[in-house]
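A.B. asks: Mind looking over this structure? Questions follow.
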Amino acid sequence: MGDLGFWRIAEADPAHLALVGPDGTERTAGELLAASHRAANGFRALGLQGGDTVAVLMPNSVELIELYLGALEVGLYFTPINWHLVGPEVAYILQDSDAKVFVASERFAEVARNAATEAGFPAEASFAVGTVDGFRPLAELTDGQPDTAPENRSTGAAMHYTSGTTGRPKGVKRGLFEIDPSDMGELLAYLPNLFGIAPHDGHVHLTVSPLYHTAVLMWTGNAMHLGHTVVLMDKWTAEETLRLIQTYQVTYSHMVPTQFVRLLDLPEDVRAGYDVSSLRNMIHGAAPCPQEVKRTMIEWWGDTIQEYYAATEGGGTVISAKEWMEKPGSVGLPWPGSEIRIYDDAGNQLGAGQIGTVYMQLMADFEYKGDEAKTKANRIENFFTVGDLGELDEDGYLFLRDRKADMIISGGANIYPAEIEGELINHPAVQDVAVFGIPNADWGEEIKAVVELHDGFEAGDELSAEIIEWAGTRMGKFKLPRSIDYVEALPREPNGKLIKRKLRDPYWEGIDRQI
């Protein structure tokens, strides 16, 4: 193999600035290499063997990256846990992942203690960044360990848990390859290359979302394997993003549409006050982006805006700003060597212009850990689905319509909430919006909108009537909400995904909702 992969790069250029922590702490490649070796040797000293799991409950931090790189050196699975979960949920992941080591930040001390207690996790394998009662200091894992490469290195992998919007979350587990970790790092350059992101070309990556998300950790790790500097954010704000772009001459990031909306909410003079001319590839995915939001971002950041569609399990498609302007609303063409298919509920493949369930070709086989039934249920041949609805146009571009579970069936008509949300977000009063179906005795379902308002607007019937009347100038009557509720903030994950069930489920208690 060539000169890629973090460990190989760090040995060749130890003075390279590899990592900037959320507090501004800087680590050269040489310093990060030594720390990752100490972590790897520490795992080995605890008795961990290839295929074992390290679970962490940590914010974006230098320590998380050190542990991640160390786990990847000695053939371990690395499971970063969503720190919005509560003790029993974390305990479930500790048990389900068969974790042999648990590292937690003192920021989440109470949840970590509760989880470890409920899971019966051994105190000798529990470590803390800071102080967590009953946990050993992280230094006891790493200090005194050799800062040289461990023997018999073999690549590990991240094992993320799906968000668990229905039932328990499942770990997406791929088989491990008996190859050098740096060689695997070189193979992982495949994804950034789809966007024209090349190694050793002055790129600086900004990590703006929590590393417990698959795409966020993947993009961050890949940046290191390509020899790029990584700048970590902890608690995201729009203006701080612009400041870091200007300060570190950031060239690329992985963002979500909600972050675009917040950036556009900044006053014009604030936006204009920062130099963002260093940007080259501002990539977004994970959630639908309203067309007007994306169009405005393209006007601001130009053809740096790129979009892709994929999943923790694999995938997907990619589209440039230029292509998107020609095919508004599309998420692009399949990755080279991949394929997208649309199937109906009977498993028949559909042609161009027909809406059905989107299936992506498997790039590498996987299983939902401990759930063979779920693994099989989402497959047709070597294609899998995450339950999205969409269609291909005559040129092969994919257009997503909605999550299958979110589709509204009213009077026999299929209605796609994402389309309605994409229009309502453009009303000057609407800062964020969710649309879903609620029970209706005559029609089966009716359309409900839940709105988060911009400052200066007052919730009430008068505003609801105004929004619905305005929406009627942009959509057919059958797509208009019958009613609007108002909340202070919509329930979103930090990666921008709306947790719609939290809004919808109370309306359906005791009612069998068929889709």
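Going by the structure tokens order, chains are called A, B, ..., each with residues numbered from 1, while ligands are numbered from 1 in the order shown.
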DSSP on the backbone, then: every residue of range 203-315 of chain A marked strand (DSSP E), written as a list in words.

C.D. replies: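 Everything in range 203-315 of chain A that counts as strand (DSSP E) is Val204, His205, Leu206, Thr207, Thr229, Val230, Val231, Leu232, Tyr252, Ser253, His254, Met255, Asn281, Met282, Ile283, His284, Ile305, Gln306, Glu307, Tyr308, Tyr309, Ala310, Ala311, Gly314 and Gly315 of chain A.
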
A.B. asks: For Gly390 in chain A, list every protein, DNA or RNA residue within 7 Å, evaluated using only C-alpha atoms, and leave out those in the same chain fewer than 5 positions away; present the list as a CSV table (one decimal) with N, CA and C atoms, in the first residue's frame.

C.D. replies:
chain,number,residue,atom,x,y,z
A,355,ILE,N,-42.8,5.5,-7.2
A,355,ILE,CA,-42.4,5.6,-5.8
A,355,ILE,C,-42.5,4.2,-5.1
A,356,GLY,N,-41.4,3.9,-4.5
A,356,GLY,CA,-41.4,2.6,-3.7
A,356,GLY,C,-40.3,2.7,-2.6
A,357,THR,N,-39.9,1.6,-2.1
A,357,THR,CA,-38.9,1.6,-1.0
A,357,THR,C,-37.5,1.6,-1.6
A,358,VAL,N,-36.6,2.4,-1.1
A,358,VAL,CA,-35.3,2.5,-1.7
A,358,VAL,C,-34.4,1.5,-1.1
A,398,LEU,N,-31.7,9.8,-7.8
A,398,LEU,CA,-32.6,9.4,-6.7
A,398,LEU,C,-33.3,10.6,-6.1
A,399,PHE,N,-34.6,10.6,-5.9
A,399,PHE,CA,-35.4,11.6,-5.2
A,399,PHE,C,-36.0,10.9,-4.0
A,400,LEU,N,-35.7,11.3,-2.8
A,400,LEU,CA,-36.3,10.7,-1.6
A,400,LEU,C,-37.7,11.4,-1.4
A,401,ARG,N,-38.7,10.6,-1.0
A,401,ARG,CA,-40.0,11.2,-0.7
A,401,ARG,C,-40.2,11.2,0.8

A.B. asks: Determine, counting only C-alpha atoms, which protein, DNA and RNA residues have an atom within 8 Å of an atom of range 498-511 of chain A; residues of the same chain fewer than 4 positions away are not included. Present the result as a list in words.

C.D. replies: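 The residues that qualify are Thr165, Ala434, Phe436, Gly437, Ile438, Pro439, Leu490, Pro491, Arg492 and Glu493 of chain A.
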
A.B. asks: Which one of A:Arg153, A:Arg107, A:Arg44, A:Arg8 sits closest to Thr131 in chain A if you count only C-alpha atoms?

C.D. replies: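 Of the candidates, the smallest distance to Thr131 in chain A is held by A:Arg107.
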
A.B. asks: For CA of Pro257 in chain A and CA of Glu63 in chain A, determine how far apart the two atoms are, in Å to one decimal place.

C.D. replies: 28.3 Å

A.B. asks: Report, in Å to a single decimal, how far apart CA of Ser277 in chain A and CA of Gln249 in chain A are.

C.D. replies: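 Between CA of Gln249 in chain A and CA of Ser277 in chain A the gap is 8.3 Å.
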
A.B. asks: Please list as an NGL selection string every residue within 10 Å of Ala40 in chain A, counting only C-alpha atoms and excluding residues in the same chain fewer than 2 positions away.

C.D. replies: :A and (34-38 or 42-45 or 48 or 66-76 or 141-142 or 145-150 or 153)

A.B. asks: Could you check which of A:Arg113, A:Lys497, A:Arg136, A:His454 is closest to Val90 in chain A, using only C-alpha atoms?

C.D. replies: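 Of A:Arg113, A:Lys497, A:Arg136, A:His454, the one nearest Val90 in chain A is A:Arg113, counting only C-alpha atoms.
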
A.B. asks: Determine the nearest neighbour of Asp265 in chain A from the options A:Gly156, A:Pro428, A:Gly51, A:Gly422, counting only C-alpha atoms.

C.D. replies: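 When distances to Asp265 in chain A are compared using only C-alpha atoms, the smallest one comes from A:Pro428.
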
A.B. asks: With only C-alpha atoms as the atoms that count, which of A:His203, A:Lys235, A:Gly351, A:Asp461 lies nearest to Tyr248 in chain A?

C.D. replies: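 Smallest separation from Tyr248 in chain A among the options: A:His203.
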
A.B. asks: So, with only C-alpha atoms as the atoms that count, which of A:Asn426, A:Asn414, A:Ile408, A:Leu46 lies closest to Lys448 in chain A?

C.D. replies: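 Closest to Lys448 in chain A, using only C-alpha atoms: A:Ile408.
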
A.B. asks: If I take CA of Glu307 in chain A and CA of Gly285 in chain A, how far is one from the other in Å, to one decimal?

C.D. replies: 5.8 Å

A.B. asks: Do you know which residues are at most 8 Å from range 320-331 of chain A counting only C-alpha atoms, after dropping those on the same chain fewer than 4 positions away, and could you put them as an MDAnalysis selection string?

C.D. replies: chainID A and resid 291 295 298 302:309 397:400
